[in-house]
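Below: structure_9.pdb (PDB, C-alpha atoms, pLDDT in the B column)
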ATOM      1  CA  MET A  29    -122.727-113.876  37.011  1.00 57.00           C
ATOM      2  CA  GLY A  30    -121.844-116.963  38.967  1.00 74.00           C
ATOM      3  CA  VAL A  31    -119.392-119.821  38.718  1.00 89.00           C
ATOM      4  CA  TYR A  32    -119.184-121.842  35.510  1.00 93.00           C
ATOM      5  CA  LEU A  33    -117.322-124.909  34.287  1.00 95.00           C
ATOM      6  CA  VAL A  34    -116.484-124.315  30.629  1.00 94.00           C
ATOM      7  CA  SER A  35    -114.308-125.938  28.018  1.00 94.00           C
ATOM      8  CA  VAL A  36    -111.619-123.754  26.508  1.00 93.00           C
ATOM      9  CA  GLY A  37    -110.291-123.848  22.967  1.00 92.00           C
ATOM     10  CA  ALA A  38    -106.730-123.221  21.827  1.00 92.00           C
ATOM     11  CA  GLU A  39    -107.306-119.527  21.098  1.00 91.00           C
ATOM     12  CA  GLU A  40    -108.339-118.698  24.656  1.00 91.00           C
ATOM     13  CA  TRP A  41    -106.022-121.266  26.286  1.00 94.00           C
ATOM     14  CA  PHE A  42    -102.887-119.912  24.648  1.00 92.00           C
ATOM     15  CA  GLY A  43    -104.155-116.326  24.242  1.00 86.00           C
ATOM     16  CA  GLU A  44    -102.587-113.362  25.956  1.00 77.00           C
ATOM     17  CA  GLU A  45    -105.810-111.354  26.194  1.00 73.00           C
ATOM     18  CA  GLU A  46    -106.922-110.160  29.618  1.00 67.00           C
ATOM     19  CA  ASP A  47    -109.551-112.901  29.905  1.00 65.00           C
ATOM     20  CA  GLY A  48    -107.330-115.545  28.294  1.00 72.00           C
ATOM     21  CA  TRP A  49    -105.542-118.412  30.000  1.00 89.00           C
ATOM     22  CA  GLY A  50    -102.138-117.942  28.325  1.00 90.00           C
ATOM     23  CA  GLY A  51    -100.331-117.346  31.606  1.00 89.00           C
ATOM     24  CA  VAL A  52    -101.752-120.541  33.098  1.00 91.00           C
ATOM     25  CA  ALA A  53    -100.940-122.503  29.928  1.00 94.00           C
ATOM     26  CA  SER A  54     -97.319-121.269  30.018  1.00 93.00           C
ATOM     27  CA  ALA A  55     -96.935-121.955  33.745  1.00 93.00           C
ATOM     28  CA  LEU A  56     -98.461-125.417  33.345  1.00 95.00           C
ATOM     29  CA  ASN A  57     -96.112-126.299  30.481  1.00 96.00           C
ATOM     30  CA  ALA A  58     -93.127-125.072  32.499  1.00 95.00           C
ATOM     31  CA  GLU A  59     -94.165-127.290  35.423  1.00 95.00           C
ATOM     32  CA  LEU A  60     -94.764-130.274  33.131  1.00 96.00           C
ATOM     33  CA  ARG A  61     -91.283-129.850  31.639  1.00 96.00           C
ATOM     34  CA  ARG A  62     -89.810-129.572  35.143  1.00 94.00           C
ATOM     35  CA  ARG A  63     -91.440-132.917  35.947  1.00 93.00           C
ATOM     36  CA  GLY A  64     -90.016-134.454  32.773  1.00 94.00           C
ATOM     37  CA  LEU A  65     -93.401-134.574  31.028  1.00 94.00           C
ATOM     38  CA  PRO A  66     -94.291-133.286  27.547  1.00 95.00           C
ATOM     39  CA  PRO A  67     -95.972-129.871  27.340  1.00 97.00           C
ATOM     40  CA  TYR A  68     -99.729-129.666  26.800  1.00 97.00           C
ATOM     41  CA  GLU A  69     -99.975-128.138  23.339  1.00 95.00           C
ATOM     42  CA  ASP A  70    -102.577-130.213  21.478  1.00 93.00           C
ATOM     43  CA  VAL A  71    -105.677-128.195  22.422  1.00 94.00           C
ATOM     44  CA  PRO A  72    -108.576-128.233  19.928  1.00 91.00           C
ATOM     45  CA  SER A  73    -109.556-124.972  18.272  1.00 87.00           C
ATOM     46  CA  GLU A  74    -112.642-123.064  19.383  1.00 75.00           C
ATOM     47  CA  THR A  75    -113.793-123.086  15.755  1.00 67.00           C
ATOM     48  CA  ASP A  76    -114.350-126.827  16.192  1.00 56.00           C
ATOM     49  CA  PHE A  77    -117.016-126.127  18.840  1.00 56.00           C
ATOM     50  CA  ALA A  78    -120.272-126.122  16.836  1.00 59.00           C
ATOM     51  CA  PRO A  79    -123.320-125.404  19.037  1.00 60.00           C
ATOM     52  CA  GLY A  80    -125.280-128.552  19.878  1.00 61.00           C
ATOM     53  CA  SER A  81    -122.524-130.856  18.646  1.00 65.00           C
ATOM     54  CA  GLY A  82    -121.188-131.907  22.034  1.00 72.00           C
ATOM     55  CA  GLN A  83    -117.854-130.281  21.248  1.00 81.00           C
ATOM     56  CA  ALA A  84    -118.118-127.598  23.934  1.00 88.00           C
ATOM     57  CA  PHE A  85    -118.956-127.827  27.644  1.00 93.00           C
ATOM     58  CA  GLU A  86    -120.644-125.172  29.755  1.00 93.00           C
ATOM     59  CA  GLU A  87    -122.500-125.555  33.028  1.00 94.00           C
ATOM     60  CA  LYS A  88    -123.299-123.111  35.821  1.00 93.00           C
ATOM     61  CA  LEU A  89    -122.844-124.068  39.471  1.00 93.00           C
ATOM     62  CA  THR A  90    -126.112-122.749  40.895  1.00 91.00           C
ATOM     63  CA  PRO A  91    -127.685-125.394  43.192  1.00 92.00           C
ATOM     64  CA  SER A  92    -126.563-125.822  46.782  1.00 93.00           C
ATOM     65  CA  MET A  93    -123.447-127.996  47.169  1.00 95.00           C
ATOM     66  CA  THR A  94    -124.191-128.986  50.784  1.00 96.00           C
ATOM     67  CA  GLY A  95    -125.472-132.481  49.995  1.00 97.00           C
ATOM     68  CA  PHE A  96    -122.753-133.092  47.423  1.00 98.00           C
ATOM     69  CA  LEU A  97    -119.989-132.163  49.858  1.00 97.00           C
ATOM     70  CA  ALA A  98    -121.557-134.455  52.481  1.00 97.00           C
ATOM     71  CA  LEU A  99    -121.644-137.266  49.899  1.00 98.00           C
ATOM     72  CA  CYS A 100    -117.944-136.680  49.173  1.00 98.00           C
ATOM     73  CA  GLN A 101    -117.099-136.773  52.895  1.00 97.00           C
ATOM     74  CA  THR A 102    -118.963-140.059  53.285  1.00 97.00           C
ATOM     75  CA  HIS A 103    -117.568-141.909  50.267  1.00 98.00           C
ATOM     76  CA  LEU A 104    -114.222-140.250  49.442  1.00 98.00           C
ATOM     77  CA  SER A 105    -111.079-139.436  51.374  1.00 97.00           C
ATOM     78  CA  GLN A 106    -110.191-135.791  51.976  1.00 97.00           C
ATOM     79  CA  GLU A 107    -107.552-135.999  49.234  1.00 96.00           C
ATOM     80  CA  GLU A 108    -109.997-137.592  46.787  1.00 97.00           C
ATOM     81  CA  SER A 109    -112.609-134.917  47.535  1.00 97.00           C
ATOM     82  CA  GLU A 110    -110.066-132.172  46.832  1.00 95.00           C
ATOM     83  CA  THR A 111    -109.069-133.843  43.563  1.00 96.00           C
ATOM     84  CA  LEU A 112    -112.686-134.240  42.479  1.00 97.00           C
ATOM     85  CA  CYS A 113    -113.972-130.756  43.175  1.00 93.00           C
ATOM     86  CA  GLY A 114    -111.051-128.527  44.176  1.00 94.00           C
ATOM     87  CA  TRP A 115    -109.603-127.840  40.747  1.00 95.00           C
ATOM     88  CA  THR A 116    -109.696-124.604  38.798  1.00 94.00           C
ATOM     89  CA  VAL A 117    -108.282-126.198  35.640  1.00 96.00           C
ATOM     90  CA  LEU A 118    -109.017-129.740  34.478  1.00 97.00           C
ATOM     91  CA  VAL A 119    -106.719-131.174  31.798  1.00 98.00           C
ATOM     92  CA  PRO A 120    -107.335-134.295  29.688  1.00 98.00           C
ATOM     93  CA  PHE A 121    -104.150-136.130  30.641  1.00 97.00           C
ATOM     94  CA  SER A 122    -103.031-137.979  33.725  1.00 96.00           C
ATOM     95  CA  LEU A 123    -101.194-136.201  36.530  1.00 95.00           C
ATOM     96  CA  ASP A 124     -99.597-138.217  39.329  1.00 89.00           C
ATOM     97  CA  GLU A 125    -100.411-135.330  41.626  1.00 90.00           C
ATOM     98  CA  GLU A 126    -102.207-132.057  41.124  1.00 90.00           C
ATOM     99  CA  ILE A 127    -100.253-128.964  40.096  1.00 94.00           C
ATOM    100  CA  TRP A 128    -100.604-125.650  41.919  1.00 92.00           C
ATOM    101  CA  LEU A 129    -100.028-122.535  39.822  1.00 89.00           C
ATOM    102  CA  PRO A 130    -100.145-118.839  40.710  1.00 77.00           C
ATOM    103  CA  ILE A 131    -102.943-116.972  38.957  1.00 66.00           C
ATOM    104  CA  ASP A 132    -102.788-113.356  37.727  1.00 57.00           C
ATOM    105  CA  SER A 133    -101.295-111.225  40.493  1.00 47.00           C
ATOM    106  CA  GLY A 134    -100.044-114.293  42.334  1.00 52.00           C
ATOM    107  CA  ASP A 135    -102.185-113.651  45.407  1.00 58.00           C
ATOM    108  CA  TYR A 136    -103.700-117.136  45.155  1.00 69.00           C
ATOM    109  CA  GLU A 137    -102.965-120.423  43.490  1.00 80.00           C
ATOM    110  CA  SER A 138    -105.024-122.512  41.126  1.00 86.00           C
ATOM    111  CA  MET A 139    -105.135-126.295  41.209  1.00 93.00           C
ATOM    112  CA  VAL A 140    -104.717-128.171  37.943  1.00 96.00           C
ATOM    113  CA  ALA A 141    -106.063-131.726  38.055  1.00 97.00           C
ATOM    114  CA  GLY A 142    -105.995-134.528  35.529  1.00 97.00           C
ATOM    115  CA  ALA A 143    -109.360-135.697  34.195  1.00 98.00           C
ATOM    116  CA  PRO A 144    -108.200-139.362  34.353  1.00 98.00           C
ATOM    117  CA  GLN A 145    -107.856-138.917  38.140  1.00 98.00           C
ATOM    118  CA  VAL A 146    -111.176-137.061  38.524  1.00 98.00           C
ATOM    119  CA  LEU A 147    -113.211-139.483  36.403  1.00 98.00           C
ATOM    120  CA  PRO A 148    -113.062-142.605  38.635  1.00 98.00           C
ATOM    121  CA  LEU A 149    -113.983-140.523  41.692  1.00 98.00           C
ATOM    122  CA  ALA A 150    -117.030-139.109  39.912  1.00 98.00           C
ATOM    123  CA  GLU A 151    -117.907-142.584  38.623  1.00 98.00           C
ATOM    124  CA  LYS A 152    -117.749-143.920  42.179  1.00 98.00           C
ATOM    125  CA  LEU A 153    -120.224-141.298  43.399  1.00 98.00           C
ATOM    126  CA  ALA A 154    -122.452-141.852  40.344  1.00 98.00           C
ATOM    127  CA  ALA A 155    -122.629-145.555  41.264  1.00 98.00           C
ATOM    128  CA  VAL A 156    -123.387-144.731  44.913  1.00 98.00           C
ATOM    129  CA  ILE A 157    -126.372-142.538  44.040  1.00 98.00           C
ATOM    130  CA  GLU A 158    -127.404-144.696  41.068  1.00 97.00           C
ATOM    131  CA  LEU A 159    -127.267-141.787  38.611  1.00 97.00           C
ATOM    132  CA  PRO A 160    -129.749-142.688  35.851  1.00 96.00           C
ATOM    133  CA  PRO A 161    -128.498-143.459  32.337  1.00 94.00           C
ATOM    134  CA  GLU A 162    -130.844-140.782  30.988  1.00 95.00           C
ATOM    135  CA  THR A 163    -128.584-138.087  32.439  1.00 95.00           C
ATOM    136  CA  PRO A 164    -127.289-136.113  29.427  1.00 93.00           C
ATOM    137  CA  ALA A 165    -123.820-137.126  28.291  1.00 90.00           C
ATOM    138  CA  ILE A 166    -123.386-134.016  26.121  1.00 84.00           C
ATOM    139  CA  CYS A 167    -123.513-130.694  27.965  1.00 80.00           C
ATOM    140  CA  ASP A 168    -123.000-127.917  25.431  1.00 83.00           C
ATOM    141  CA  ASN A 169    -124.830-124.964  26.909  1.00 85.00           C
ATOM    142  CA  LEU A 170    -126.344-125.648  30.317  1.00 91.00           C
ATOM    143  CA  ASP A 171    -127.897-128.863  28.987  1.00 92.00           C
ATOM    144  CA  LEU A 172    -127.240-130.673  32.253  1.00 94.00           C
ATOM    145  CA  SER A 173    -128.655-127.792  34.300  1.00 93.00           C
ATOM    146  CA  MET A 174    -131.826-127.688  32.206  1.00 93.00           C
ATOM    147  CA  TRP A 175    -132.241-131.477  32.358  1.00 95.00           C
ATOM    148  CA  PHE A 176    -132.051-131.452  36.154  1.00 95.00           C
ATOM    149  CA  ARG A 177    -134.463-128.535  36.308  1.00 93.00           C
ATOM    150  CA  ASP A 178    -137.077-130.235  34.122  1.00 92.00           C
ATOM    151  CA  GLN A 179    -136.747-133.869  33.007  1.00 94.00           C
ATOM    152  CA  ALA A 180    -134.968-135.147  36.138  1.00 95.00           C
ATOM    153  CA  LYS A 181    -137.839-134.048  38.355  1.00 92.00           C
ATOM    154  CA  GLU A 182    -140.280-135.921  36.145  1.00 92.00           C
ATOM    155  CA  LEU A 183    -138.060-139.016  35.923  1.00 93.00           C
ATOM    156  CA  ALA A 184    -137.601-139.005  39.716  1.00 92.00           C
ATOM    157  CA  THR A 185    -141.328-139.689  40.159  1.00 91.00           C
ATOM    158  CA  THR A 186    -141.013-143.097  38.456  1.00 91.00           C
ATOM    159  CA  ARG A 187    -137.472-144.146  39.391  1.00 88.00           C
ATOM    160  CA  THR A 188    -135.714-145.265  42.520  1.00 87.00           C
ATOM    161  CA  GLY A 189    -132.180-144.700  43.738  1.00 90.00           C
ATOM    162  CA  LEU A 190    -130.441-142.258  46.027  1.00 92.00           C
ATOM    163  CA  TRP A 191    -130.257-139.690  43.228  1.00 96.00           C
ATOM    164  CA  VAL A 192    -134.005-138.953  43.576  1.00 95.00           C
ATOM    165  CA  THR A 193    -133.624-137.898  47.236  1.00 95.00           C
ATOM    166  CA  ASP A 194    -131.455-134.866  46.431  1.00 96.00           C
ATOM    167  CA  LEU A 195    -131.401-133.611  42.851  1.00 96.00           C
ATOM    168  CA  ASP A 196    -128.878-130.877  43.704  1.00 97.00           C
ATOM    169  CA  THR A 197    -126.401-133.526  44.854  1.00 97.00           C
ATOM    170  CA  ALA A 198    -127.129-135.625  41.768  1.00 97.00           C
ATOM    171  CA  PHE A 199    -126.507-132.552  39.595  1.00 97.00           C
ATOM    172  CA  TYR A 200    -123.001-132.069  41.017  1.00 98.00           C
ATOM    173  CA  VAL A 201    -122.152-135.742  40.679  1.00 98.00           C
ATOM    174  CA  ALA A 202    -123.244-135.584  37.032  1.00 97.00           C
ATOM    175  CA  LEU A 203    -121.456-132.252  36.530  1.00 97.00           C
ATOM    176  CA  PHE A 204    -118.031-133.504  37.607  1.00 98.00           C
ATOM    177  CA  LEU A 205    -118.564-136.826  35.825  1.00 98.00           C
ATOM    178  CA  ARG A 206    -119.479-135.173  32.517  1.00 97.00           C
ATOM    179  CA  ALA A 207    -116.731-132.546  32.820  1.00 97.00           C
ATOM    180  CA  ALA A 208    -114.052-135.230  33.191  1.00 98.00           C
ATOM    181  CA  GLN A 209    -115.532-137.300  30.371  1.00 97.00           C
ATOM    182  CA  HIS A 210    -115.718-134.259  28.094  1.00 96.00           C
ATOM    183  CA  SER A 211    -112.147-133.190  28.817  1.00 97.00           C
ATOM    184  CA  ILE A 212    -110.834-136.659  27.968  1.00 97.00           C
ATOM    185  CA  ARG A 213    -113.065-137.118  24.903  1.00 94.00           C
ATOM    186  CA  ARG A 214    -112.267-133.718  23.376  1.00 93.00           C
ATOM    187  CA  GLY A 215    -108.706-133.370  24.661  1.00 95.00           C
ATOM    188  CA  CYS A 216    -109.510-129.890  25.960  1.00 95.00           C
ATOM    189  CA  PRO A 217    -109.075-128.100  29.272  1.00 97.00           C
ATOM    190  CA  ILE A 218    -112.094-127.230  31.371  1.00 96.00           C
ATOM    191  CA  ILE A 219    -111.867-124.224  33.631  1.00 95.00           C
ATOM    192  CA  CYS A 220    -113.800-123.121  36.674  1.00 93.00           C
ATOM    193  CA  THR A 221    -114.464-119.439  36.236  1.00 88.00           C
TER     194      THR A 221
END
Could you write out this structure as structure tokens?
Amino acid sequence: MGVYLVSVGAEEWFGEEEDGWGGVASALNAELRRRGLPPYEDVPSETDFAPGSGQAFEEKLTPSMTGFLALCQTHLSQEESETLCGWTVLVPFSLDEEIWLPIDSGDYESMVAGAPQVLPLAEKLAAVIELPPETPAICDNLDLSMWFRDQAKELATTRTGLWVTDLDTAFYVALFLRAAQHSIRRGCPIICT
């Protein structure tokens, strides 16, 4: 178990199955229409997600977030920090402000954020810690997690930059950066589940 960030294809996004996101998709489209915006209907199919192709995104949130949250507090406003890492659903289009939607039984709400708003915040933190260019850009199936577990440790012995002082923090910076980039590139939602 654990918490994952995963891309979602049209079948699951619009699906009515118990583990589907159809209720969120409908509520989001209703709120977009209320705001005078077009509905979000152009979601790529899951059949387009070939393993290893960079068409899917999946990462597990396992390391400690303590250093990452401290980095956010130091370099971002409270509102920016919430936009960067407080979402449950990330969509590939711009939102002037996040959208709060009830989930399932309605006993809590889920924040929907726009990847174009998340991306510059993640880029700012990546610049602060000097995230190395070798950090994987494609994160199909825990690729980022595995890179930080293995190659990053080796690379950190020969490189400088703040990223080498706390690899867990660097992982989360890279995670939110790559999630936003993936959402925009593929035009797909990414969910925190």
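Between Ser54 of chain A and the residues A:Pro160, A:Gly95, A:Gly142, A:Pro130, the shortest atom-to-atom distance, using only C-alpha atoms, involves A:Pro130.
Around the coordinate (-124.5, -137.9, 51.3), residues that reach within 12 Å when counting only C-alpha atoms are Met93, Thr94, Gly95, Phe96, Leu97, Ala98, Leu99, Cys100, Gln101, Thr102, His103, Leu104, Leu153, Ala154, Val156, Ile157, Leu190, Trp191, Thr193, Asp194, Leu195, Asp196, Thr197, Ala198, Tyr200 and Val201 of chain A.
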Quick one: pull the distance between atom CA of Leu159 of chain A and atom CA of Phe204 of chain A, Å, one decimal. 12.4 Å
Might you spell out which residues the PyMOL selection byres ((chain A and resi 148) around 12) would select in the displayed file, as a ChimeraX atom specification? /A:104,108-109,111-112,142-147,149-155,201,204-206,208-209
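Taking all atoms listed in the file into account, Thr90 of chain A lies nearest to A:Val31 out of the set A:Ile166, A:Leu172, A:Val31, A:Ile219.
With only C-alpha atoms as the atoms that count, the minimum distance from Glu74 of chain A to the choices A:Asn57, A:Ser35, A:Ser173, A:Ser92 is reached by A:Ser35.
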Considering all atoms listed in the file, return as a short mmCIF file (atom, residue, chain, number, x, y, z; two decimals) with C-alpha atoms, in the frame of the given file whatever protein or nucleic-acid residues lie within 8 Å of Ile218 of chain A, sequence-local ones (same chain, fewer than 3 positions apart) excluded.
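Saved file part_21.cif follows:
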data_model
loop_
_atom_site.label_atom_id
_atom_site.label_comp_id
_atom_site.auth_asym_id
_atom_site.auth_seq_id
_atom_site.Cartn_x
_atom_site.Cartn_y
_atom_site.Cartn_z
CA LEU A 33 -117.32 -124.91 34.29
CA VAL A 34 -116.48 -124.32 30.63
CA SER A 35 -114.31 -125.94 28.02
CA VAL A 36 -111.62 -123.75 26.51
CA PHE A 85 -118.96 -127.83 27.64
CA VAL A 117 -108.28 -126.20 35.64
CA LEU A 118 -109.02 -129.74 34.48
CA VAL A 119 -106.72 -131.17 31.80
CA ALA A 207 -116.73 -132.55 32.82
CA SER A 211 -112.15 -133.19 28.82
#
Of the listed residues A:Ile212, A:Ala180, A:Ile127, A:Cys220, that which approaches Phe199 of chain A most closely, counting all atoms listed in the file: A:Ala180
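Considering the residues A:Thr163, A:Ser138, A:Ser73, A:Gln106 and counting all atoms listed in the file, Glu40 of chain A has its shortest atom-to-atom contact with A:Ser73.
Note that atom CA of Val140 of chain A and atom CA of Trp41 of chain A are 13.6 Å apart.
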Report, in Å to a single decimal, how far apart atom CA of Ala184 of chain A and atom CA of Pro91 of chain A are. 17.2 Å
Residues near Glu59 of chain A, anyone? I mean within 12 Å using only C-alpha atoms, not counting same-chain ones fewer than 6 positions away, as a ChimeraX atom specification. /A:52-53,65-68,123,125-130,140
Out of A:Leu183, A:Met174, A:Ala38, A:Ala141, which residue has the shortest atom-to-atom distance to Glu69 of chain A when counting all atoms listed in the file? A:Ala38
Report as JSON the centre and the edge lengths, in Å to one decimal, of the axis-aligned box holding every listed atom of segment 176-182 of chain A, padded by 6 Å on each side.
{"center_x": -136.2, "center_y": -132.2, "center_z": 35.7, "size_x": 20.2, "size_y": 19.4, "size_z": 17.3}
Some atoms are missing, so please complete segment 80-100 of chain A with N, CA, C and O atoms and return it as a PDB file, in the frame of the given file.
ATOM      1  N   GLY A  80    -124.460-127.354  19.930  1.00 61.00           N
ATOM      2  CA  GLY A  80    -125.280-128.552  19.878  1.00 61.00           C
ATOM      3  C   GLY A  80    -124.559-129.806  19.441  1.00 61.00           C
ATOM      4  O   GLY A  80    -125.156-130.875  19.365  1.00 61.00           O
ATOM      5  N   SER A  81    -123.271-129.711  19.175  1.00 65.00           N
ATOM      6  CA  SER A  81    -122.524-130.856  18.646  1.00 65.00           C
ATOM      7  C   SER A  81    -121.845-131.684  19.732  1.00 65.00           C
ATOM      8  O   SER A  81    -121.276-132.726  19.440  1.00 65.00           O
ATOM      9  N   GLY A  82    -121.875-131.205  20.965  1.00 72.00           N
ATOM     10  CA  GLY A  82    -121.188-131.907  22.034  1.00 72.00           C
ATOM     11  C   GLY A  82    -119.699-131.629  22.048  1.00 72.00           C
ATOM     12  O   GLY A  82    -118.946-132.310  22.723  1.00 72.00           O
ATOM     13  N   GLN A  83    -119.271-130.608  21.320  1.00 81.00           N
ATOM     14  CA  GLN A  83    -117.854-130.281  21.248  1.00 81.00           C
ATOM     15  C   GLN A  83    -117.434-129.252  22.284  1.00 81.00           C
ATOM     16  O   GLN A  83    -116.252-129.040  22.494  1.00 81.00           O
ATOM     17  N   ALA A  84    -118.404-128.595  22.902  1.00 88.00           N
ATOM     18  CA  ALA A  84    -118.118-127.598  23.934  1.00 88.00           C
ATOM     19  C   ALA A  84    -118.806-128.045  25.227  1.00 88.00           C
ATOM     20  O   ALA A  84    -119.715-128.868  25.202  1.00 88.00           O
ATOM     21  N   PHE A  85    -118.372-127.498  26.340  1.00 93.00           N
ATOM     22  CA  PHE A  85    -118.956-127.827  27.644  1.00 93.00           C
ATOM     23  C   PHE A  85    -119.168-126.529  28.397  1.00 93.00           C
ATOM     24  O   PHE A  85    -118.258-125.706  28.491  1.00 93.00           O
ATOM     25  N   GLU A  86    -120.373-126.347  28.923  1.00 93.00           N
ATOM     26  CA  GLU A  86    -120.644-125.172  29.755  1.00 93.00           C
ATOM     27  C   GLU A  86    -121.775-125.491  30.715  1.00 93.00           C
ATOM     28  O   GLU A  86    -122.869-125.866  30.298  1.00 93.00           O
ATOM     29  N   GLU A  87    -121.492-125.363  31.990  1.00 94.00           N
ATOM     30  CA  GLU A  87    -122.500-125.555  33.028  1.00 94.00           C
ATOM     31  C   GLU A  87    -122.264-124.540  34.140  1.00 94.00           C
ATOM     32  O   GLU A  87    -121.129-124.206  34.446  1.00 94.00           O
ATOM     33  N   LYS A  88    -123.358-124.079  34.723  1.00 93.00           N
ATOM     34  CA  LYS A  88    -123.299-123.111  35.821  1.00 93.00           C
ATOM     35  C   LYS A  88    -123.530-123.820  37.146  1.00 93.00           C
ATOM     36  O   LYS A  88    -124.418-124.664  37.255  1.00 93.00           O
ATOM     37  N   LEU A  89    -122.738-123.471  38.136  1.00 93.00           N
ATOM     38  CA  LEU A  89    -122.844-124.068  39.471  1.00 93.00           C
ATOM     39  C   LEU A  89    -123.824-123.235  40.290  1.00 93.00           C
ATOM     40  O   LEU A  89    -123.433-122.322  40.995  1.00 93.00           O
ATOM     41  N   THR A  90    -125.118-123.534  40.174  1.00 91.00           N
ATOM     42  CA  THR A  90    -126.112-122.749  40.895  1.00 91.00           C
ATOM     43  C   THR A  90    -126.735-123.452  42.092  1.00 91.00           C
ATOM     44  O   THR A  90    -126.976-122.815  43.099  1.00 91.00           O
ATOM     45  N   PRO A  91    -127.045-124.772  42.026  1.00 92.00           N
ATOM     46  CA  PRO A  91    -127.685-125.394  43.192  1.00 92.00           C
ATOM     47  C   PRO A  91    -126.756-125.416  44.413  1.00 92.00           C
ATOM     48  O   PRO A  91    -125.540-125.251  44.296  1.00 92.00           O
ATOM     49  N   SER A  92    -127.340-125.686  45.553  1.00 93.00           N
ATOM     50  CA  SER A  92    -126.563-125.822  46.782  1.00 93.00           C
ATOM     51  C   SER A  92    -125.644-127.039  46.684  1.00 93.00           C
ATOM     52  O   SER A  92    -126.042-128.094  46.192  1.00 93.00           O
ATOM     53  N   MET A  93    -124.412-126.901  47.185  1.00 95.00           N
ATOM     54  CA  MET A  93    -123.447-127.996  47.169  1.00 95.00           C
ATOM     55  C   MET A  93    -123.406-128.759  48.497  1.00 95.00           C
ATOM     56  O   MET A  93    -122.629-129.695  48.648  1.00 95.00           O
ATOM     57  N   THR A  94    -124.242-128.398  49.445  1.00 96.00           N
ATOM     58  CA  THR A  94    -124.191-128.986  50.784  1.00 96.00           C
ATOM     59  C   THR A  94    -124.292-130.507  50.752  1.00 96.00           C
ATOM     60  O   THR A  94    -123.476-131.217  51.336  1.00 96.00           O
ATOM     61  N   GLY A  95    -125.289-131.035  50.072  1.00 97.00           N
ATOM     62  CA  GLY A  95    -125.472-132.481  49.995  1.00 97.00           C
ATOM     63  C   GLY A  95    -124.341-133.169  49.251  1.00 97.00           C
ATOM     64  O   GLY A  95    -123.898-134.261  49.633  1.00 97.00           O
ATOM     65  N   PHE A  96    -123.858-132.528  48.206  1.00 98.00           N
ATOM     66  CA  PHE A  96    -122.753-133.092  47.423  1.00 98.00           C
ATOM     67  C   PHE A  96    -121.489-133.188  48.269  1.00 98.00           C
ATOM     68  O   PHE A  96    -120.802-134.213  48.258  1.00 98.00           O
ATOM     69  N   LEU A  97    -121.182-132.144  49.017  1.00 97.00           N
ATOM     70  CA  LEU A  97    -119.989-132.163  49.858  1.00 97.00           C
ATOM     71  C   LEU A  97    -120.114-133.220  50.955  1.00 97.00           C
ATOM     72  O   LEU A  97    -119.137-133.898  51.286  1.00 97.00           O
ATOM     73  N   ALA A  98    -121.329-133.399  51.484  1.00 97.00           N
ATOM     74  CA  ALA A  98    -121.557-134.455  52.481  1.00 97.00           C
ATOM     75  C   ALA A  98    -121.367-135.834  51.850  1.00 97.00           C
ATOM     76  O   ALA A  98    -120.793-136.734  52.473  1.00 97.00           O
ATOM     77  N   LEU A  99    -121.828-136.006  50.619  1.00 98.00           N
ATOM     78  CA  LEU A  99    -121.644-137.266  49.899  1.00 98.00           C
ATOM     79  C   LEU A  99    -120.154-137.551  49.708  1.00 98.00           C
ATOM     80  O   LEU A  99    -119.699-138.679  49.913  1.00 98.00           O
ATOM     81  N   CYS A 100    -119.399-136.534  49.340  1.00 98.00           N
ATOM     82  CA  CYS A 100    -117.944-136.680  49.173  1.00 98.00           C
ATOM     83  C   CYS A 100    -117.292-137.090  50.490  1.00 98.00           C
ATOM     84  O   CYS A 100    -116.450-137.995  50.517  1.00 98.00           O
TER      85      CYS A 100
END
